[in-house]
file input_21.cif (mmCIF, C-alpha atoms)
data_model
loop_
_atom_site.label_atom_id
_atom_site.label_comp_id
_atom_site.auth_asym_id
_atom_site.auth_seq_id
_atom_site.Cartn_x
_atom_site.Cartn_y
_atom_site.Cartn_z
CA GLU N 98 216.89 181.02 148.91
CA TYR N 99 213.75 182.01 147.01
CA GLU N 100 215.58 181.71 143.68
CA ASN N 101 216.87 178.25 144.62
CA ALA N 102 213.39 177.11 145.62
CA LEU N 103 211.96 178.46 142.36
CA SER N 104 214.64 176.67 140.34
CA LEU N 105 213.88 173.41 142.14
CA SER N 106 210.14 173.75 141.59
CA THR N 107 210.57 174.59 137.91
CA SER N 108 212.98 171.70 137.34
CA LEU N 109 210.67 169.14 138.93
CA LYS N 110 207.66 170.40 137.01
CA ASN N 111 209.45 170.46 133.65
CA ASN N 112 211.07 167.04 133.93
CA LYS N 113 209.15 164.21 132.40
CA ILE N 114 209.03 160.86 134.13
CA ARG N 115 211.95 158.91 132.65
CA SER N 116 211.93 155.21 132.03
CA PRO N 117 214.34 153.77 134.62
CA LYS N 118 215.53 151.27 132.03
CA SER N 119 216.32 153.89 129.41
CA GLN N 120 219.92 153.62 128.28
CA ALA N 121 219.77 156.34 125.63
CA ARG N 122 222.91 158.48 125.76
CA VAL N 123 221.09 161.78 125.87
CA ALA N 124 221.68 164.77 128.09
CA LEU N 125 220.45 164.02 131.59
CA PRO N 126 217.79 166.33 132.97
CA PRO N 127 218.25 167.60 136.51
CA ILE N 128 217.78 164.69 138.92
CA TRP N 129 217.02 165.05 142.62
CA ILE N 130 217.67 162.82 145.60
CA LEU N 131 215.03 162.63 148.32
CA LYS N 132 215.83 161.27 151.77
CA PRO N 133 214.14 161.19 155.17
CA SER N 134 215.91 163.57 157.55
CA THR N 135 215.59 161.32 160.61
CA VAL N 136 216.51 157.93 159.10
CA ASN N 137 220.01 156.49 158.75
CA LYS N 138 221.83 153.61 156.99
CA GLY N 139 220.63 154.81 153.58
CA GLU N 140 217.06 153.74 154.26
CA GLY N 141 214.18 155.48 152.51
CA ILE N 142 216.34 157.26 149.92
CA ARG N 143 214.69 157.85 146.53
CA ILE N 144 215.99 159.27 143.26
CA VAL N 145 213.26 161.46 141.76
CA HIS N 146 212.79 163.34 138.51
CA CYS N 147 209.49 165.18 138.84
CA VAL N 148 206.92 166.51 141.31
CA GLU N 149 204.74 163.42 140.96
CA GLU N 150 207.54 161.15 142.11
CA VAL N 151 208.24 163.39 145.11
CA LEU N 152 204.57 163.32 146.13
CA ASP N 153 204.37 159.55 145.67
CA ALA N 154 207.42 159.01 147.90
CA VAL N 155 206.12 161.28 150.65
CA MET N 156 202.68 159.65 150.59
CA ASP N 157 204.17 156.14 150.66
CA ASP N 158 206.03 156.98 153.89
CA SER N 159 203.40 159.10 155.60
CA ASN N 160 204.93 158.48 159.05
CA ILE N 161 208.00 160.50 158.06
CA ARG N 162 207.31 164.20 158.45
CA GLU N 163 210.66 165.72 157.46
CA TRP N 164 212.48 165.18 154.18
CA VAL N 165 215.58 166.57 152.51
CA LEU N 166 215.58 167.18 148.75
CA GLN N 167 218.98 167.74 147.14
CA ARG N 168 220.19 168.34 143.61
CA TYR N 169 221.81 165.14 142.38
CA VAL N 170 225.40 165.39 141.10
CA ASN N 171 225.28 163.54 137.78
CA ASP N 172 229.02 163.56 137.10
CA PRO N 173 230.67 162.15 140.24
CA LEU N 174 234.33 161.24 140.18
CA LEU N 175 234.55 157.45 139.89
CA LEU N 176 237.02 154.94 141.30
CA ASN N 177 237.30 151.85 139.11
CA LYS N 178 234.00 152.91 137.46
CA LYS N 179 232.23 153.02 140.82
CA LYS N 180 230.70 155.93 142.69
CA PHE N 181 232.00 156.83 146.16
CA HIS N 182 231.62 159.40 148.89
CA ILE N 183 234.07 160.62 151.50
CA ARG N 184 233.48 160.21 155.23
CA ALA N 185 235.44 162.73 157.31
CA TYR N 186 235.38 162.64 161.10
CA VAL N 187 235.05 166.04 162.75
CA LEU N 188 235.74 166.89 166.39
CA ALA N 189 234.07 169.87 168.09
CA VAL N 190 235.55 170.80 171.45
CA SER N 191 234.11 173.06 174.15
CA ASP N 192 232.51 176.33 172.96
CA ILE N 193 234.02 176.00 170.34
CA THR N 194 237.07 174.73 168.46
CA VAL N 195 236.59 172.41 165.46
CA TYR N 196 239.05 169.90 164.03
CA VAL N 197 238.95 167.65 160.96
CA TYR N 198 240.67 164.27 161.19
CA ASN N 199 242.80 164.12 158.06
CA GLU N 200 242.55 160.34 157.57
CA VAL N 201 239.25 160.20 155.72
CA LEU N 202 237.45 157.17 154.27
CA PHE N 203 236.40 156.60 150.67
CA LEU N 204 233.19 154.55 150.79
CA CYS N 205 232.49 152.96 147.42
CA SER N 206 229.58 151.28 145.71
CA ALA N 207 230.00 147.59 144.96
CA VAL N 208 228.52 147.94 141.46
CA PRO N 209 229.52 150.16 138.50
CA TYR N 210 227.91 153.60 138.27
CA ASN N 211 225.24 154.08 135.62
CA PRO N 212 223.67 157.55 135.55
CA TYR N 213 221.09 156.42 132.97
CA ASP N 214 219.57 153.77 135.22
CA THR N 215 218.27 155.30 138.44
CA SER N 216 216.30 152.18 139.36
CA ASN N 217 219.41 150.36 140.57
CA LEU N 218 220.07 152.23 143.82
CA MET N 219 223.13 150.09 144.55
CA SER N 220 224.84 152.06 141.80
CA HIS N 221 223.92 155.41 143.33
CA ILE N 222 223.75 155.08 147.15
CA THR N 223 227.24 154.59 148.57
CA ASN N 224 226.25 154.28 152.23
CA THR N 225 228.20 151.30 153.60
CA CYS N 226 225.27 149.81 155.54
CA TYR N 227 223.16 149.95 152.37
CA GLN N 228 225.93 148.40 150.25
CA GLN N 229 226.41 145.54 152.70
CA GLN N 230 223.01 144.24 151.65
CA LYS N 231 224.86 142.94 148.59
CA ASN N 232 226.24 139.47 149.38
CA LYS N 233 229.58 139.98 147.63
CA PHE N 234 230.40 143.27 149.37
CA ASP N 235 234.11 143.18 150.27
CA GLU N 236 235.19 145.91 152.68
CA ALA N 237 238.83 145.59 151.58
CA LYS N 238 237.79 146.60 148.05
CA TYR N 239 235.16 149.21 148.82
CA ILE N 240 236.41 151.02 151.95
CA LEU N 241 239.53 152.93 150.94
CA THR N 242 242.12 155.36 152.31
CA TRP N 243 244.00 158.30 150.75
CA LYS N 244 246.70 155.92 149.53
CA ASP N 245 244.10 153.69 147.84
CA PHE N 246 242.38 156.74 146.34
CA GLU N 247 245.57 158.08 144.76
CA LYS N 248 246.47 154.65 143.41
CA SER N 249 242.99 154.27 141.90
CA ILE N 250 242.81 157.64 140.12
CA LEU N 251 246.27 156.94 138.68
CA GLN N 252 245.24 153.50 137.42
CA ASP N 253 241.96 154.89 136.04
CA GLY N 254 243.85 157.51 134.04
CA THR N 255 242.17 160.37 135.89
CA VAL N 256 245.64 161.75 136.61
CA SER N 257 248.93 161.05 134.87
CA SER N 258 251.41 160.95 137.75
CA GLU N 259 251.77 160.29 141.47
CA GLU N 260 252.54 163.97 141.98
CA GLU N 261 249.28 164.96 140.31
CA ALA N 262 247.36 162.40 142.39
CA ASN N 263 248.85 163.82 145.58
CA LYS N 264 247.96 167.35 144.45
CA VAL N 265 244.33 166.28 143.90
CA SER N 266 244.22 164.75 147.39
CA LYS N 267 245.50 167.95 148.96
CA GLN N 268 242.97 170.00 146.97
CA ILE N 269 240.08 167.81 148.10
CA LEU N 270 241.19 167.86 151.74
CA GLU N 271 241.57 171.64 151.70
CA ASN N 272 238.02 171.99 150.37
CA ILE N 273 236.77 169.68 153.13
CA PHE N 274 238.44 172.02 155.65
CA LEU N 275 236.81 175.10 154.09
CA ILE N 276 233.32 173.62 153.87
CA THR N 277 233.49 172.37 157.47
CA ARG N 278 234.69 175.77 158.67
CA ASP N 279 231.92 177.61 156.82
CA LEU N 280 229.24 175.27 158.14
CA PHE N 281 230.19 175.77 161.79
CA ALA N 282 230.57 179.52 161.22
CA ALA N 283 227.03 179.62 159.84
CA TYR N 284 225.68 178.12 163.07
CA VAL N 285 227.35 180.60 165.42
CA GLY N 286 224.59 182.04 167.61
CA GLN N 287 221.91 179.60 166.40
CA TRP N 288 221.19 178.50 169.94
CA SER N 289 217.85 176.87 169.19
CA VAL N 290 219.51 174.16 167.08
CA PHE N 291 223.19 174.14 168.08
CA THR N 292 224.47 174.72 171.62
CA PRO N 293 228.11 173.71 172.18
CA LEU N 294 228.97 173.33 175.86
CA LYS N 295 232.18 174.38 177.56
CA GLY N 296 234.27 171.41 178.72
CA CYS N 297 232.51 168.93 176.37
CA PHE N 298 233.35 167.45 172.98
CA GLU N 299 231.44 165.74 170.18
CA HIS N 300 232.21 163.78 167.02
CA TYR N 301 230.42 164.28 163.71
CA GLY N 302 230.55 162.31 160.49
CA PHE N 303 230.69 164.67 157.51
CA ASP N 304 229.93 163.12 154.13
CA PHE N 305 231.24 164.69 150.92
CA LEU N 306 230.94 163.99 147.19
CA VAL N 307 233.58 164.85 144.57
CA ASP N 308 232.74 165.45 140.91
CA GLU N 309 234.86 164.91 137.79
CA GLN N 310 236.34 168.41 138.09
CA PHE N 311 237.33 167.67 141.73
CA ASN N 312 234.71 170.03 143.12
CA VAL N 313 233.66 168.98 146.63
CA TYR N 314 230.03 168.98 147.82
CA LEU N 315 228.68 168.48 151.33
CA LEU N 316 226.13 165.65 151.34
CA GLU N 317 225.13 165.53 155.00
CA VAL N 318 226.29 165.78 158.60
CA ASN N 319 225.79 162.89 161.02
CA PRO N 320 225.89 163.40 164.79
CA GLY N 321 226.99 160.26 166.60
CA PRO N 322 228.63 158.70 163.50
CA ASP N 323 228.91 154.95 162.99
CA TYR N 324 232.57 154.06 163.55
CA LYS N 325 232.10 150.59 162.07
CA GLN N 326 232.13 152.05 158.55
CA THR N 327 235.91 151.67 158.59
CA GLY N 328 235.59 147.91 158.47
CA GLN N 329 237.72 145.52 160.50
CA ALA N 330 240.96 146.05 158.59
CA LEU N 331 241.03 149.83 159.10
CA SER N 332 239.50 150.01 162.57
CA ASN N 333 242.74 150.50 164.52
CA TYR N 334 244.33 152.70 161.88
CA ILE N 335 241.41 155.13 161.44
CA ILE N 336 239.24 154.93 164.55
CA GLY N 337 242.10 154.09 166.90
CA GLY N 338 243.95 157.18 165.72
CA LEU N 339 240.82 159.32 165.87
CA MET N 340 240.07 158.30 169.46
CA SER N 341 243.67 158.75 170.58
CA GLU N 342 243.89 162.27 169.16
CA THR N 343 240.44 163.15 170.49
CA ILE N 344 241.53 162.22 174.01
CA ASP N 345 244.74 164.21 173.62
CA ILE N 346 242.89 167.33 172.49
CA ALA N 347 240.08 167.02 175.03
CA LEU N 348 242.50 166.53 177.95
CA ARG N 349 244.73 169.32 176.73
CA GLY N 350 241.72 171.62 176.98
CA VAL N 351 241.43 171.00 180.73
CA GLY N 352 245.18 171.24 181.40
CA CYS N 353 246.08 167.54 181.61
CA GLY N 354 249.16 165.88 180.16
CA ASN N 355 252.90 166.47 180.09
CA GLU N 356 253.92 169.59 178.14
CA THR N 357 256.70 167.82 176.21
CA GLN N 358 254.42 164.91 175.30
CA THR N 359 251.73 167.35 174.20
CA GLN N 360 254.20 169.17 171.91
CA ASN N 361 255.34 165.87 170.38
CA ARG N 362 251.71 164.92 169.70
CA ASN N 363 251.09 168.32 168.09
CA ASN N 364 253.98 167.76 165.68
CA SER N 365 252.59 164.41 164.51
CA SER N 366 248.89 165.22 164.76
CA LYS N 367 246.47 164.22 162.04
CA MET N 368 243.88 166.67 163.39
CA THR N 369 243.61 170.01 161.59
CA MET N 370 241.91 172.90 163.37
CA VAL N 371 239.50 174.55 160.92
CA PHE N 372 237.40 176.81 163.14
CA SER N 373 237.68 178.48 166.52
CA CYS N 374 235.34 181.01 168.07
CA GLN N 375 234.50 181.99 171.63
CA LEU N 376 230.77 181.64 171.70
CA ARG N 377 228.51 183.33 174.20
CA GLY N 378 225.26 181.64 175.08
CA PRO N 379 221.91 183.42 175.11
CA ASN N 380 222.18 183.95 178.87
CA ALA N 381 225.87 184.97 178.94
#
call {"tool": "encode", "arguments": {"input": "input_21.cif", "output": "structure tokens"}}
result
Amino acid sequence: EYENALSLSTSLKNNKIRSPKSQARVALPPIWILKPSTVNKGEGIRIVHCVEEVLDAVMDDSNIREWVLQRYVNDPLLLNKKKFHIRAYVLAVSDITVYVYNEVLFLCSAVPYNPYDTSNLMSHITNTCYQQQKNKFDEAKYILTWKDFEKSILQDGTVSSEEEANKVSKQILENIFLITRDLFAAYVGQWSVFTPLKGCFEHYGFDFLVDEQFNVYLLEVNPGPDYKQTGQALSNYIIGGLMSETIDIALRGVGCGNETQTQNRNNSSKMTMVFSCQLRGPNA
């Protein structure tokens, strides 16, 4: 952790303030994204290059006391020349079993990505609520499913066949499983910040970014996720399925439901269990 903090400090001090309008095709210095930890809908997010810009942002919003500073991924995978992030819905049941709902969303920017112009945040921030500020935002074009994703990377020439596109999808989903598993495993026993309760369940919205080499990065975790990000067209398909499977799993945990029906649901389930551990509370 100390080495990471030192690298961050050195990078911010060494970077010179770049002209936001500069279009020179030169190597990009490390860029950082700064966001308030208690604000949602993409509000308050800044792209920063140096210590001075970080200090200016923090001073401008003096009412916000907690910030998150992350290394910016300069080479994101693009869909039709636009940046996107993946929203995966995660279900945590009792104390504790964790599932990932396999039908994820691809939430895209409405404008082409330009890494050399960090002043146009519409190109960089793919949060749906933020993008809807643009009058021509069309949810049918910018809120996609796995099928849309595979079709897009094939049309873009990112892959050369449907088989390769399907292989990429499986690779990305498997990495989402692994990252989600590792995150929950890291919080085992951290009772001051995470206390799963027996007989309860909770949804989370996990956001991921994919780069040009198909590496997957965790962006953030949202408790109480906004289900409207699916848009109207996908609401029943994504959220309807999520809620149906959540009820099945939650009721199964307390012994409800017909055994044959439960087995049939298991065979067609779009929920993948990624972590299970019997936790013991601090007073157990």
call {"tool": "atom_distance", "arguments": {"input": "input_21.cif", "atom1": "CA of Leu315 (chain N)", "atom2": "CA of Lys233 (chain N)"}}
result
28.8 Å
call {"tool": "closest_residue", "arguments": {"input": "input_21.cif", "among": "N:Phe246, N:Tyr196, N:Tyr314, N:Phe234", "to": "Leu339 (chain N)", "atoms": "all atoms listed in the file"}}
result
N:Tyr196
call {"tool": "closest_residue", "arguments": {"input": "input_21.cif", "among": "N:Arg143, N:Lys264, N:His221, N:Arg162", "to": "Trp243 (chain N)", "atoms": "only C-alpha atoms"}}
result
N:Lys264
call {"tool": "residues_around", "arguments": {"input": "input_21.cif", "residues": "Asn171 (chain N)", "least_positions_apart": "3", "cutoff": "12 Å", "atoms": "only C-alpha atoms", "output": "PyMOL selection string"}}
result
chain N and resi 124-130+144+168+174-175+180+210-215+221+306-309
call {"tool": "residues_around", "arguments": {"input": "input_21.cif", "residues": "Ala282 (chain N)", "least_positions_apart": "5", "cutoff": "10 Å", "atoms": "all atoms listed in the file", "output": "ChimeraX atom specification"}}
result
/N:276-277,372-374
call {"tool": "resolve_selection", "arguments": {"input": "input_21.cif", "expression": "the PyMOL selection byres ((chain N and resi 241) around 9)", "output": "PyMOL selection string"}}
result
chain N and resi 201-205+236-240+242-246+327+331
call {"tool": "write_last_selection", "arguments": {"input": "input_21.cif", "atoms": "C-alpha atoms", "output": "short mmCIF file (atom, residue, chain, number, x, y, z; two decimals), in the coordinates of the input"}}
result
data_model
loop_
_atom_site.label_atom_id
_atom_site.label_comp_id
_atom_site.auth_asym_id
_atom_site.auth_seq_id
_atom_site.Cartn_x
_atom_site.Cartn_y
_atom_site.Cartn_z
CA VAL N 201 239.25 160.20 155.72
CA LEU N 202 237.45 157.17 154.27
CA PHE N 203 236.40 156.60 150.67
CA LEU N 204 233.19 154.55 150.79
CA CYS N 205 232.49 152.96 147.42
CA GLU N 236 235.19 145.91 152.68
CA ALA N 237 238.83 145.59 151.58
CA LYS N 238 237.79 146.60 148.05
CA TYR N 239 235.16 149.21 148.82
CA ILE N 240 236.41 151.02 151.95
CA THR N 242 242.12 155.36 152.31
CA TRP N 243 244.00 158.30 150.75
CA LYS N 244 246.70 155.92 149.53
CA ASP N 245 244.10 153.69 147.84
CA PHE N 246 242.38 156.74 146.34
CA THR N 327 235.91 151.67 158.59
CA LEU N 331 241.03 149.83 159.10
#
call {"tool": "residues_around", "arguments": {"input": "input_21.cif", "residues": "Gly141 (chain N)", "least_positions_apart": "6", "cutoff": "9 Å", "atoms": "all atoms listed in the file", "output": "MDAnalysis selection string"}}
result
chainID N and resid 131:133 154 158
call {"tool": "atom_distance", "arguments": {"input": "input_21.cif", "atom1": "CA of Ser289 (chain N)", "atom2": "CA of Val371 (chain N)"}}
result
23.3 Å
call {"tool": "residues_around", "arguments": {"input": "input_21.cif", "residues": "Val190 (chain N)", "least_positions_apart": "2", "cutoff": "12 Å", "atoms": "all atoms listed in the file", "output": "number ranges by chain"}}
result
N: 187-188, 192-197, 292-301, 343-351, 370-376
call {"tool": "atom_distance", "arguments": {"input": "input_21.cif", "atom1": "CA of Glu140 (chain N)", "atom2": "CA of Gln310 (chain N)"}}
result
29.1 Å
call {"tool": "closest_residue", "arguments": {"input": "input_21.cif", "among": "N:Glu247, N:Glu200, N:His146, N:Pro320", "to": "Tyr169 (chain N)", "atoms": "all atoms listed in the file"}}
result
N:His146
call {"tool": "axis_aligned_box", "arguments": {"input": "input_21.cif", "around": "region 162-167 of chain N", "padding_each_side": "5 Å", "output": "lines of an AutoDock Vina configuration file"}}
result
center_x = 213.1
center_y = 166.0
center_z = 152.8
size_x = 21.7
size_y = 13.5
size_z = 21.3
call {"tool": "closest_residue", "arguments": {"input": "input_21.cif", "among": "N:Ala283, N:Ser249, N:Tyr186, N:Val170", "to": "Ala262 (chain N)", "atoms": "all atoms listed in the file"}}
result
N:Ser249
